[in-house]
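Everything on this sheet refers to the single structure shown next.
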Amino acid sequence: PQPVPALAMTIGSGYSHSSDPAWSSPSGFGFSPGTLTIFNDNSFVVDAMYILSSCDYENGLKKLTVHNMHYSQLLATAPMLTSLESFLVYPTSSSYSATLSIQRSMGVPRVAAFWSILAESKTLRDLHLPDQLVGGNDSDELAMVGRFLKTNRSVRSIGFDSPFLLLKVEDVKVLRSAFYGNKKVTDLEYPSKARKFTMDQIGEETKKLWNEVALCKREIKKLFQRAYSKYNSRWRDGPNRQKLPWVERIRVAKRRIGQIQRDQKKIATLLEEIKQCVRANKMAQRLQDETKANERLVRREGQLEQLGEKKKKFATNLVTKLNKAKLRGRQQKSAKTQLPRSTYYKSSNMWPSNTPPKKRNGNPHSYYNYYNDPYCTRPYWWYYPTSYNDTNDWMYGSDASIYEMDDDGHRDSDTDDAALGGMLSDVDGMTCEPDDPWSNVDALVQQVESDYGAVLSPEYIALLHEECSELGPDVVENIRGTLDDGAAVSSKLDEIGEKTDAPPEMIGNIVDGGGFDLAAMDIALADIPEYEPGDSIDSDDAGDVVDMYAGAGPRDLDDGGPSFGSSRHAVLAGARRRARARKSSRLMRRVREDTNRRLQMGYRRVDLITGKLQEDEKPYGNMWPRDLVESWVEETQAQQIKAIAKCNFDLPAVSTQPIYLLKQFSPDNSYLSSQNEIDVVLVTQCSLDRLPNLRAQLTHWTGKTSVAIYLKPSECRVDAQLKIFSAIEEARNNVVQMCDGHVRFDVAVTLVEGCIDDEPYPINYLRNVALLEARRQHLRLNTSLDKSAVLLVDVDFRPSNHLFKALHSRYAARRILSERQVVVCPAFESLNETCANYVSELKKLVDGGQAEGFHLSHFPQGHGPTQFDLFWEKSMQCNGRDVSEFWQRAYHIKHENLFEPYIAMASTDAPLYDERFQGYGLNKVSHLATIASQRGGDFTVLPGVFLVAPAHERSESWAKRYGTRSDETDFNRLALKGLYYNFTQNLESGGESVISDNTRSQNDLLWEQIKRMNEKPDECNPAPTQPGTGLKEAVLCY
């Protein structure tokens, strides 16, 4: 068969088998298409490709597109595919299981054989097989693609992205190795679908591994709970031996999670290298193409210089003829002066009609196009987003329902005019164009100098013809030949560009030369007088036309009807005099017929347009992200975090153990019976090694304190009690000296004993224990919590001298108890052991670089929203001894993400902490986020007072959990982020903080106690302790 490269065929769509198929071998006669699209309906492709592959003739097929078929099913016809230039296969939309089933039915060896045969092609340029490759443990098709590119040196564009392609390091390495020698591939589709599928698989695997870790931890916890005995000091020996297999399983799971992150980083790095290789290939290919194009242009340099002279001559003639035509128009020697464009309305055919338009030469007829647009450069007046049909909605589609229909199904003309008048009323807000009809043409003439390279473009020539067609038939006739010459030069340049494959910029550099000097021509051109509106139409007439256009009903004009001689809306007929003159002008008719015959394609000569295969729009994307490695690693971690967040998080093992209360009262409790407006209890927690910090904190706080102390399983309770009593006694003695003998000292210590070695520090559980005990501490001498408030701080911080007084003033009672404000106590960090007691002292340390806002230098999100600059401004204006000024100058702030200040608030408003947060990180942040969601994010900062902590090294437990980079620490960081993501999702959905059964029961008992006190206040109100009774110590087990 005779090859016809420009012939494209589509076959197979809707094919069905018959009892006697009419398949036959080619006869050798006829024509062979260059482009063939086949649909595999009822296995049509299998039969058709078999016939084509058995043909002994050169079929001339260059581009083959197959639909509804997997590429591996074409193995039998693979040899025929090696002669193609473009090969695209689009499978039927199917699931992962269906694609995997096809791949398994073909077998991995046969799929590999397909790629091996295809690699022998020396003509294939474009290969795209979307949504078909399967990776992971099921197949190594990605590695097959890599081996294909190692052998083949003809493919320049390739795409194989698939939503079922699981990227593995080994497969991506093979693909990367192909680009060490392959310098031809310049277009590689980014595997965005494969990336998404890989990330989904990472999430699933991470979820399974996390559940494995949680299961092992629960089993270890059960071992310790079953073996616990308070009578046997060696009760942990057995569980420690039995937990070893479970610990090993946990380590394996954590190592696997870390390995996933490392593998994905390697994949991202390899893809980034592939991206750089493709980019280098593309730049090298472009440089090579430009070099060859430049060599071809050198051989045509003389011809291009001649075309450059013709272009300059075209521009010179165009400017000269337009200048003469403009001068004749000013002298009233040309056609009647055109109306200003603002009042020129094209044709009645621009507006709705009761009858569809007639067709001429296959296209709907338009009077405006016939008289005004012989070059078919304007959008057709009948063009709308809806399709053309013979029904009444031929113009506006379904929106035609706004018009009323008569009994015959036609729109009523009166209703049409009313609706049309309402639509046209919007013209009142339009801005009119300049009155001078030559204004737009003058602007185009100026473009000859400013944008000389675009002067020969079809768009510029068509626009120039459009503007001149409104100035008179003689203007169009004068420039017709010049426009034709310019179009011919433009077509010749396009032809040279196609033959030399040179970019337009290179051709333009030779043709345009030094550009065009319009100023030099102005000297030789005649001077044009200023425009003076003639008698064509006065302003009143123009105003009348606009008024009628805006909303008038249909009526005939005084000359007997609209122009063009049909029963249309007269007001929309356009400029009557202009239309009548144009219709009767033989000169215009001759111009129209001539130009329609010669230039029907917008100033592009038909005989100069070369045939070229129209390429289908590629449905694949090719945008590779710039920060590929960073985005890939971040998405991997995000998927793991989301997977972990969906799992259950264990509560502290210590939450199942009993707690012990140690009570330490002041010898002088007379102040307890006084009627204070507010009672603030400092709430804190610590481990046994932080007792020195607790002693310093109690020394600077002379009121009530509730502290929960954690004992490790290896620490003796009796020894711990002695150390605790010693620290409290020393703090009390310091308070006695500071208060001149009047001691106001009340400390409630709760012991929490751990049961599992190396368990994370249960910080939020300890905070809940101390918070509940602070409420009980207030209820020992009160029947309700109406006057109770809490100051929530960590044990490292020391209150300033005026903080206790400021929080126990009547101003504090009004702000905290009455207005329910959350008060922020600004926190600072001293770089040495010296801690300031007053604002003036702290200011000197800050100015000297010895103190700063807490963690402000390396974690500004934590306390940056406190606005320390504003704090210093307000504090310096306060009198150091007058706490009322502190409250008068208090300022409001808004909660921000990761904000974790130390606050004072009403005891009943303080929510319980989420006990799933253990160890270090985001434990206080989560609690403040809960408070912010309840209080609308409003906080009040109290100037003049502060909390300060001396600088200290991070604890040993922090270093063990997060310090060194290892699989264990990476897993801990990932688990913390997953927990916080789970917490935020729970908070946004309105859920409450997760607490243990022990905490919930203690909280319920507390509120039951308050309820009983309110019912029987006389029986439940305890008598105040008598002064001078000395120290009281008691051990209570809850």
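Each chain in the structure tokens gets a letter, A, B and so on, in the order shown; residues start at 1 in every chain, and ligands are counted from 1 in the order they appear.
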
Extract, using only C-alpha atoms, all DNA, RNA and protein residues at most 12 Å from segment 504-516 of chain A, discarding same-chain residues fewer than 6 positions from it, and format them as a short mmCIF file (atom, residue, chain, number, x, y, z; two decimals) with N, CA and C atoms, in the first residue's frame.
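Everything below was put into result_20.cif:
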```
data_model
loop_
_atom_site.label_atom_id
_atom_site.label_comp_id
_atom_site.auth_asym_id
_atom_site.auth_seq_id
_atom_site.Cartn_x
_atom_site.Cartn_y
_atom_site.Cartn_z
N ASP A 289 20.61 21.12 18.40
CA ASP A 289 19.63 21.53 17.40
C ASP A 289 19.87 22.97 16.96
N GLU A 290 20.20 23.84 17.92
CA GLU A 290 20.46 25.23 17.56
C GLU A 290 21.71 25.34 16.69
N THR A 291 22.71 24.52 17.00
CA THR A 291 23.92 24.55 16.17
C THR A 291 23.61 24.12 14.74
N LYS A 292 22.87 23.04 14.59
CA LYS A 292 22.51 22.58 13.25
C LYS A 292 21.61 23.59 12.54
N ALA A 293 20.66 24.16 13.32
CA ALA A 293 19.78 25.16 12.71
C ALA A 293 20.58 26.38 12.28
N ASN A 294 21.55 26.77 13.08
CA ASN A 294 22.38 27.91 12.72
C ASN A 294 23.18 27.64 11.45
N GLU A 295 23.67 26.40 11.34
CA GLU A 295 24.39 26.04 10.13
C GLU A 295 23.48 26.10 8.91
N ARG A 296 22.25 25.64 9.07
CA ARG A 296 21.30 25.71 7.96
C ARG A 296 20.93 27.15 7.63
N LEU A 297 20.82 27.97 8.68
CA LEU A 297 20.49 29.37 8.44
C LEU A 297 21.62 30.11 7.75
N VAL A 298 22.86 29.72 8.04
CA VAL A 298 24.00 30.37 7.38
C VAL A 298 23.91 30.17 5.87
N ARG A 300 21.27 29.96 4.24
CA ARG A 300 20.14 30.76 3.75
C ARG A 300 20.26 32.22 4.17
N GLU A 301 21.43 32.63 4.59
CA GLU A 301 21.58 33.99 5.11
C GLU A 301 21.24 35.02 4.05
N GLY A 302 21.68 34.78 2.81
CA GLY A 302 21.37 35.73 1.75
C GLY A 302 19.87 35.85 1.53
N GLN A 303 19.18 34.72 1.52
CA GLN A 303 17.74 34.74 1.33
C GLN A 303 17.05 35.47 2.48
N LEU A 304 17.51 35.25 3.70
CA LEU A 304 16.90 35.92 4.86
C LEU A 304 17.16 37.42 4.82
N GLU A 305 18.33 37.81 4.37
CA GLU A 305 18.60 39.25 4.26
C GLU A 305 17.68 39.89 3.23
N GLN A 306 17.42 39.19 2.15
CA GLN A 306 16.48 39.72 1.16
C GLN A 306 15.08 39.85 1.75
N LEU A 307 14.66 38.83 2.52
CA LEU A 307 13.36 38.92 3.18
C LEU A 307 13.34 40.04 4.20
N GLY A 308 14.49 40.30 4.82
CA GLY A 308 14.55 41.43 5.75
C GLY A 308 14.35 42.75 5.04
N GLU A 309 14.93 42.88 3.84
CA GLU A 309 14.70 44.09 3.06
C GLU A 309 13.24 44.21 2.66
N LYS A 310 12.63 43.09 2.28
CA LYS A 310 11.21 43.12 1.93
C LYS A 310 10.35 43.49 3.13
N LYS A 311 10.74 43.01 4.29
CA LYS A 311 9.98 43.36 5.49
C LYS A 311 10.09 44.85 5.77
N LYS A 312 11.29 45.40 5.63
CA LYS A 312 11.46 46.84 5.85
C LYS A 312 10.68 47.63 4.80
N LYS A 313 10.69 47.12 3.57
CA LYS A 313 9.92 47.79 2.52
C LYS A 313 8.43 47.72 2.82
N PHE A 314 7.98 46.58 3.34
CA PHE A 314 6.58 46.45 3.72
C PHE A 314 6.22 47.47 4.79
N ALA A 315 7.06 47.61 5.81
CA ALA A 315 6.77 48.56 6.88
C ALA A 315 6.77 49.99 6.36
N THR A 316 7.72 50.30 5.46
CA THR A 316 7.79 51.66 4.90
C THR A 316 6.56 51.97 4.07
N VAL A 319 3.41 52.39 6.39
CA VAL A 319 3.33 53.67 7.09
C VAL A 319 3.03 54.79 6.12
N VAL A 445 0.46 51.62 14.14
CA VAL A 445 1.62 52.14 13.41
C VAL A 445 2.80 52.34 14.35
N GLN A 446 2.55 52.84 15.53
CA GLN A 446 3.63 53.01 16.50
C GLN A 446 4.25 51.67 16.90
N GLN A 447 3.46 50.61 16.81
CA GLN A 447 3.97 49.29 17.15
C GLN A 447 4.99 48.79 16.13
N VAL A 448 4.99 49.37 14.95
CA VAL A 448 5.97 48.98 13.94
C VAL A 448 7.38 49.22 14.45
N GLU A 449 7.56 50.30 15.20
CA GLU A 449 8.89 50.59 15.75
C GLU A 449 9.12 49.91 17.08
N SER A 450 8.10 49.89 17.97
CA SER A 450 8.29 49.33 19.31
C SER A 450 8.37 47.81 19.30
N ASP A 451 7.64 47.14 18.38
CA ASP A 451 7.64 45.68 18.33
C ASP A 451 7.80 45.26 16.87
N TYR A 452 8.94 45.57 16.33
CA TYR A 452 9.17 45.33 14.91
C TYR A 452 9.16 43.84 14.57
N GLY A 453 9.52 42.99 15.50
CA GLY A 453 9.55 41.56 15.22
C GLY A 453 8.19 40.98 14.97
N ALA A 454 7.11 41.59 15.51
CA ALA A 454 5.76 41.04 15.37
C ALA A 454 4.97 41.68 14.25
N VAL A 455 5.63 42.53 13.44
CA VAL A 455 4.90 43.26 12.41
C VAL A 455 4.33 42.32 11.35
N LEU A 456 5.03 41.24 11.05
CA LEU A 456 4.58 40.31 10.01
C LEU A 456 3.71 39.19 10.56
N SER A 457 3.41 39.21 11.81
CA SER A 457 2.61 38.12 12.38
C SER A 457 1.19 38.18 11.83
N VAL A 489 5.64 37.43 2.82
CA VAL A 489 6.94 37.39 3.50
C VAL A 489 6.84 36.56 4.78
N SER A 490 5.74 36.74 5.51
CA SER A 490 5.56 35.97 6.75
C SER A 490 5.49 34.48 6.46
N LYS A 492 6.76 32.92 3.94
CA LYS A 492 8.07 32.44 3.51
C LYS A 492 8.99 32.23 4.70
N LEU A 493 8.93 33.12 5.66
CA LEU A 493 9.74 32.95 6.87
C LEU A 493 9.32 31.71 7.65
N ASP A 494 8.01 31.47 7.71
CA ASP A 494 7.54 30.26 8.38
C ASP A 494 8.02 29.00 7.66
N GLU A 495 8.02 29.06 6.34
CA GLU A 495 8.49 27.91 5.56
C GLU A 495 9.98 27.65 5.83
N ILE A 496 10.76 28.71 5.88
CA ILE A 496 12.19 28.54 6.18
C ILE A 496 12.38 28.00 7.58
N GLY A 497 11.58 28.48 8.52
CA GLY A 497 11.69 27.98 9.88
C GLY A 497 11.37 26.51 10.00
N GLU A 498 10.37 26.04 9.24
CA GLU A 498 10.03 24.62 9.27
C GLU A 498 11.10 23.77 8.63
#
```

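Residues surrounding Asp442 of chain A within 12 Å are Leu318, Val319, Leu322, Asn323, Ala325, Lys326, Pro434, Asp436, Pro437, Trp438, Gln446, Gln447, Val448, Glu449, Leu464, Glu467, Cys468 and Ile528 of chain A [only C-alpha atoms; sequence separation below 4 positions excluded].
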
Output the selection as a compact mmCIF listing (two decimals), in the first residue's frame - C-alpha atoms for each residue.
```txt
# COMPACT_ATOMS: atom_id res chain seq x y z
CA LEU A 318 2.47 50.55 5.10
CA VAL A 319 3.33 53.67 7.09
CA LEU A 322 -1.67 54.92 5.96
CA ASN A 323 -0.30 58.45 6.31
CA ALA A 325 -5.04 57.78 3.67
CA LYS A 326 -5.26 59.62 6.97
CA PRO A 434 -11.49 58.00 21.53
CA ASP A 436 -10.75 60.04 16.42
CA PRO A 437 -11.42 56.99 14.17
CA TRP A 438 -7.67 56.77 13.40
CA GLN A 446 3.63 53.01 16.50
CA GLN A 447 3.97 49.29 17.15
CA VAL A 448 5.97 48.98 13.94
CA GLU A 449 8.89 50.59 15.75
CA LEU A 464 -4.62 46.13 11.12
CA GLU A 467 -9.21 48.54 12.00
CA CYS A 468 -8.79 49.83 8.44
CA ILE A 528 -1.61 65.55 9.51
```

Enumerate, in order of chain and increasing residue number, the residues of segment 216-292 of chain A with an atom no farther than 7 Å from segment 161-179 of chain A, each with its shortest atom pair and distance in Å to one decimal, counting only C-alpha atoms, as a tab-separated table.
```
residue	atom	partner	partner_atom	distance
A:Asp263	CA	A:Val169	CA	6.3
A:Lys266	CA	A:Val169	CA	6.9
A:Ile267	CA	A:Val169	CA	5.7
A:Leu270	CA	A:Arg176	CA	6.5
A:Ile274	CA	A:Arg176	CA	5.9
A:Cys277	CA	A:Phe179	CA	6.6
```

Would you save the residues of that selection, restricted to all heavy atoms, as a PDB file, in the first residue's frame?
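The result, written out as part_7.pdb:
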```pdb
ATOM      1  N   ASP A 263      15.170   4.533  52.775  1.00  0.00           N
ATOM      2  CA  ASP A 263      14.939   4.071  51.402  1.00  0.00           C
ATOM      3  C   ASP A 263      14.252   5.159  50.572  1.00  0.00           C
ATOM      4  O   ASP A 263      14.617   5.383  49.408  1.00  0.00           O
ATOM      5  CB  ASP A 263      14.088   2.805  51.399  1.00  0.00           C
ATOM      6  CG  ASP A 263      14.859   1.594  51.897  1.00  0.00           C
ATOM      7  OD1 ASP A 263      16.096   1.700  52.030  1.00  0.00           O
ATOM      8  OD2 ASP A 263      14.233   0.552  52.174  1.00  0.00           O
ATOM      9  N   LYS A 266      16.680   7.749  49.583  1.00  0.00           N
ATOM     10  CA  LYS A 266      17.508   7.282  48.469  1.00  0.00           C
ATOM     11  C   LYS A 266      16.745   7.376  47.154  1.00  0.00           C
ATOM     12  O   LYS A 266      17.295   7.795  46.128  1.00  0.00           O
ATOM     13  CB  LYS A 266      17.954   5.843  48.720  1.00  0.00           C
ATOM     14  CG  LYS A 266      18.970   5.681  49.846  1.00  0.00           C
ATOM     15  CD  LYS A 266      19.349   4.219  50.021  1.00  0.00           C
ATOM     16  CE  LYS A 266      20.328   4.027  51.183  1.00  0.00           C
ATOM     17  NZ  LYS A 266      20.655   2.593  51.393  1.00  0.00           N
ATOM     18  N   ILE A 267      15.483   6.953  47.171  1.00  0.00           N
ATOM     19  CA  ILE A 267      14.671   7.034  45.954  1.00  0.00           C
ATOM     20  C   ILE A 267      14.555   8.469  45.486  1.00  0.00           C
ATOM     21  O   ILE A 267      14.696   8.775  44.289  1.00  0.00           O
ATOM     22  CB  ILE A 267      13.273   6.415  46.210  1.00  0.00           C
ATOM     23  CG1 ILE A 267      13.394   4.900  46.383  1.00  0.00           C
ATOM     24  CG2 ILE A 267      12.319   6.740  45.075  1.00  0.00           C
ATOM     25  CD1 ILE A 267      12.090   4.226  46.753  1.00  0.00           C
ATOM     26  N   LEU A 270      17.807   9.528  43.927  1.00  0.00           N
ATOM     27  CA  LEU A 270      17.986   8.954  42.596  1.00  0.00           C
ATOM     28  C   LEU A 270      17.087   9.638  41.567  1.00  0.00           C
ATOM     29  O   LEU A 270      17.516   9.911  40.435  1.00  0.00           O
ATOM     30  CB  LEU A 270      17.688   7.453  42.639  1.00  0.00           C
ATOM     31  CG  LEU A 270      18.674   6.588  43.433  1.00  0.00           C
ATOM     32  CD1 LEU A 270      18.140   5.172  43.570  1.00  0.00           C
ATOM     33  CD2 LEU A 270      20.041   6.573  42.748  1.00  0.00           C
ATOM     34  N   ILE A 274      18.100  11.588  38.191  1.00  0.00           N
ATOM     35  CA  ILE A 274      17.489  11.341  36.874  1.00  0.00           C
ATOM     36  C   ILE A 274      16.960  12.636  36.283  1.00  0.00           C
ATOM     37  O   ILE A 274      17.119  12.909  35.081  1.00  0.00           O
ATOM     38  CB  ILE A 274      16.367  10.286  37.010  1.00  0.00           C
ATOM     39  CG1 ILE A 274      16.955   8.921  37.385  1.00  0.00           C
ATOM     40  CG2 ILE A 274      15.557  10.189  35.727  1.00  0.00           C
ATOM     41  CD1 ILE A 274      15.921   7.867  37.674  1.00  0.00           C
ATOM     42  N   CYS A 277      19.794  14.551  34.895  1.00  0.00           N
ATOM     43  CA  CYS A 277      20.289  13.942  33.653  1.00  0.00           C
ATOM     44  C   CYS A 277      19.389  14.293  32.475  1.00  0.00           C
ATOM     45  O   CYS A 277      19.876  14.635  31.383  1.00  0.00           O
ATOM     46  CB  CYS A 277      20.383  12.427  33.813  1.00  0.00           C
ATOM     47  SG  CYS A 277      21.671  11.870  34.949  1.00  0.00           S
TER      48      CYS A 277
END
```

Between atom CA of Asp909 of chain A and atom CA of Ser655 of chain A, what is the distance in Å, rounded to a tenth? 23.3 Å

May I have the residues within 12 Å of Ser714 of chain A as a list in words, using only C-alpha atoms and disregarding those fewer than 5 positions away in the same chain? Ser233, Arg234, Trp235, Arg236, Asp237, Leu688, Asp719, Ala720, Glu753, Gly754, Cys755, Ile756, Asp757 and Asp758 of chain A

Restricting the output to all heavy atoms, write the selected residues as a tab-separated table (two decimals), in the first residue's frame.
```tsv
chain	number	residue	atom	x	y	z
A	233	SER	N	11.54	-7.38	96.88
A	233	SER	CA	12.29	-6.31	96.23
A	233	SER	C	12.87	-6.74	94.89
A	233	SER	O	13.28	-5.89	94.10
A	233	SER	CB	13.42	-5.83	97.14
A	233	SER	OG	14.32	-6.91	97.44
A	234	ARG	N	12.93	-8.04	94.60
A	234	ARG	CA	13.48	-8.54	93.35
A	234	ARG	C	12.38	-9.03	92.39
A	234	ARG	O	12.61	-9.88	91.55
A	234	ARG	CB	14.46	-9.67	93.62
A	234	ARG	CG	15.64	-9.24	94.51
A	234	ARG	CD	16.54	-10.45	94.82
A	234	ARG	NE	17.07	-11.03	93.59
A	234	ARG	CZ	18.19	-10.60	93.00
A	234	ARG	NH1	18.87	-9.59	93.54
A	234	ARG	NH2	18.64	-11.18	91.91
A	235	TRP	N	11.21	-8.44	92.54
A	235	TRP	CA	10.09	-8.92	91.73
A	235	TRP	C	10.25	-8.56	90.24
A	235	TRP	O	9.60	-9.15	89.38
A	235	TRP	CB	8.78	-8.33	92.24
A	235	TRP	CG	8.68	-6.81	92.12
A	235	TRP	CD1	9.08	-5.91	93.03
A	235	TRP	CD2	8.14	-6.09	91.01
A	235	TRP	NE1	8.84	-4.63	92.58
A	235	TRP	CE2	8.26	-4.72	91.33
A	235	TRP	CE3	7.59	-6.45	89.78
A	235	TRP	CZ2	7.83	-3.72	90.49
A	235	TRP	CZ3	7.16	-5.45	88.94
A	235	TRP	CH2	7.28	-4.09	89.30
A	236	ARG	N	11.16	-7.63	89.92
A	236	ARG	CA	11.33	-7.22	88.53
A	236	ARG	C	12.25	-8.15	87.75
A	236	ARG	O	12.33	-8.05	86.52
A	236	ARG	CB	11.91	-5.80	88.47
A	236	ARG	CG	11.04	-4.75	89.15
A	236	ARG	CD	11.68	-3.38	89.05
A	236	ARG	NE	10.96	-2.42	89.87
A	236	ARG	CZ	11.18	-2.22	91.15
A	236	ARG	NH1	12.11	-2.94	91.77
A	236	ARG	NH2	10.49	-1.35	91.84
A	237	ASP	N	12.97	-9.03	88.42
A	237	ASP	CA	13.94	-9.87	87.71
A	237	ASP	C	13.27	-10.78	86.68
A	237	ASP	O	13.75	-10.94	85.56
A	237	ASP	CB	14.74	-10.71	88.72
A	237	ASP	CG	15.59	-9.84	89.63
A	237	ASP	OD1	15.77	-8.65	89.28
A	237	ASP	OD2	16.05	-10.32	90.68
A	688	LEU	N	12.85	12.65	91.59
A	688	LEU	CA	13.58	12.77	92.84
A	688	LEU	C	14.89	13.54	92.66
A	688	LEU	O	15.35	14.21	93.59
A	688	LEU	CB	13.87	11.37	93.40
A	688	LEU	CG	14.14	11.29	94.92
A	688	LEU	CD1	12.96	11.82	95.70
A	688	LEU	CD2	14.45	9.85	95.31
A	719	ASP	N	13.53	5.97	101.62
A	719	ASP	CA	14.60	6.94	101.44
A	719	ASP	C	14.10	8.19	100.73
A	719	ASP	O	14.53	9.31	101.05
A	719	ASP	CB	15.74	6.31	100.64
A	719	ASP	CG	16.41	5.17	101.39
A	719	ASP	OD1	16.27	5.12	102.64
A	719	ASP	OD2	17.05	4.33	100.73
A	720	ALA	N	13.21	8.01	99.80
A	720	ALA	CA	12.66	9.15	99.07
A	720	ALA	C	11.87	10.07	100.00
A	720	ALA	O	11.98	11.30	99.91
A	720	ALA	CB	11.78	8.67	97.92
A	753	GLU	N	4.84	6.07	92.16
A	753	GLU	CA	5.92	5.11	92.04
A	753	GLU	C	5.78	4.35	90.73
A	753	GLU	O	4.74	3.75	90.43
A	753	GLU	CB	5.89	4.14	93.21
A	753	GLU	CG	7.10	3.21	93.26
A	753	GLU	CD	7.11	2.34	94.51
A	753	GLU	OE1	6.13	2.40	95.27
A	753	GLU	OE2	8.08	1.60	94.69
A	754	GLY	N	6.87	4.37	89.91
A	754	GLY	CA	6.86	3.66	88.65
A	754	GLY	C	6.96	2.16	88.84
A	754	GLY	O	7.42	1.68	89.88
A	755	CYS	N	6.57	1.40	87.81
A	755	CYS	CA	6.58	-0.06	87.91
A	755	CYS	C	7.36	-0.73	86.79
A	755	CYS	O	7.54	-1.95	86.81
A	755	CYS	CB	5.14	-0.58	87.92
A	755	CYS	SG	4.20	-0.21	86.42
A	756	ILE	N	7.81	0.05	85.77
A	756	ILE	CA	8.55	-0.54	84.65
A	756	ILE	C	9.83	0.26	84.47
A	756	ILE	O	9.83	1.49	84.43
A	756	ILE	CB	7.71	-0.51	83.36
A	756	ILE	CG1	6.43	-1.33	83.53
A	756	ILE	CG2	8.51	-1.05	82.18
A	756	ILE	CD1	5.55	-1.34	82.31
A	757	ASP	N	10.94	-0.47	84.35
A	757	ASP	CA	12.22	0.19	84.13
A	757	ASP	C	12.23	0.84	82.74
A	757	ASP	O	11.67	0.31	81.77
A	757	ASP	CB	13.36	-0.82	84.21
A	757	ASP	CG	13.51	-1.38	85.62
A	757	ASP	OD1	13.13	-0.66	86.57
A	757	ASP	OD2	13.96	-2.53	85.77
A	758	ASP	N	12.91	1.97	82.65
A	758	ASP	CA	13.11	2.69	81.40
A	758	ASP	C	11.81	3.16	80.75
A	758	ASP	O	11.77	3.40	79.54
A	758	ASP	CB	13.88	1.82	80.39
A	758	ASP	CG	15.26	1.45	80.90
A	758	ASP	OD1	15.84	2.25	81.67
A	758	ASP	OD2	15.75	0.35	80.54
```

Shell around Leu129 of chain A at 9 Å using only C-alpha atoms, local window under 2 positions removed, as a PyMOL selection string: chain A and resi 70-71+87-91+127+131-133+158-162

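Within segment 65-125 of chain A, DSSP run on the backbone puts these residues in strand (DSSP E or B): Thr65, Val66, His67, Ser86, Phe87, Leu88, Val89 and Tyr90 of chain A.
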
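The interatomic distance for the pair atom CA of Trp632 of chain A and atom CA of Glu273 of chain A works out to 13.7 Å.
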
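Proximity to Val752 of chain A at 10 Å, evaluated using only C-alpha atoms and with sequence-adjacent residues fewer than 2 positions away removed, yields A:Val654, A:Ser655, A:Gln657, A:Pro658, A:Ile659, A:Tyr660, A:Leu661, A:Ser687, A:Ala708, A:Ile709, A:Tyr710, A:Leu711, A:Lys712, A:Arg717, A:Val749, A:Thr750, A:Gly754, A:Cys755, A:Pro762, A:Tyr765, A:Leu766, A:Val769.
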
Those in segment 741-869 of chain A with alpha helix (DSSP H) from DSSP, as a ChimeraX atom specification: /A:763-779,803-807,810-812,839-847,860-863,868-869

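Checking A:Lys275, A:His465, A:His700, A:Lys208 one by one against His802 of chain A, counting only C-alpha atoms, you find the shortest gap at A:His700.
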
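Atom pair atom CA of Ile724 of chain A / atom CA of Val680 of chain A: separated by 22.6 Å.
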
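Taking only C-alpha atoms into account, Asp474 of chain A lies nearest to A:Lys321 out of the set A:Ser800, A:His778, A:Lys321, A:Glu1015.
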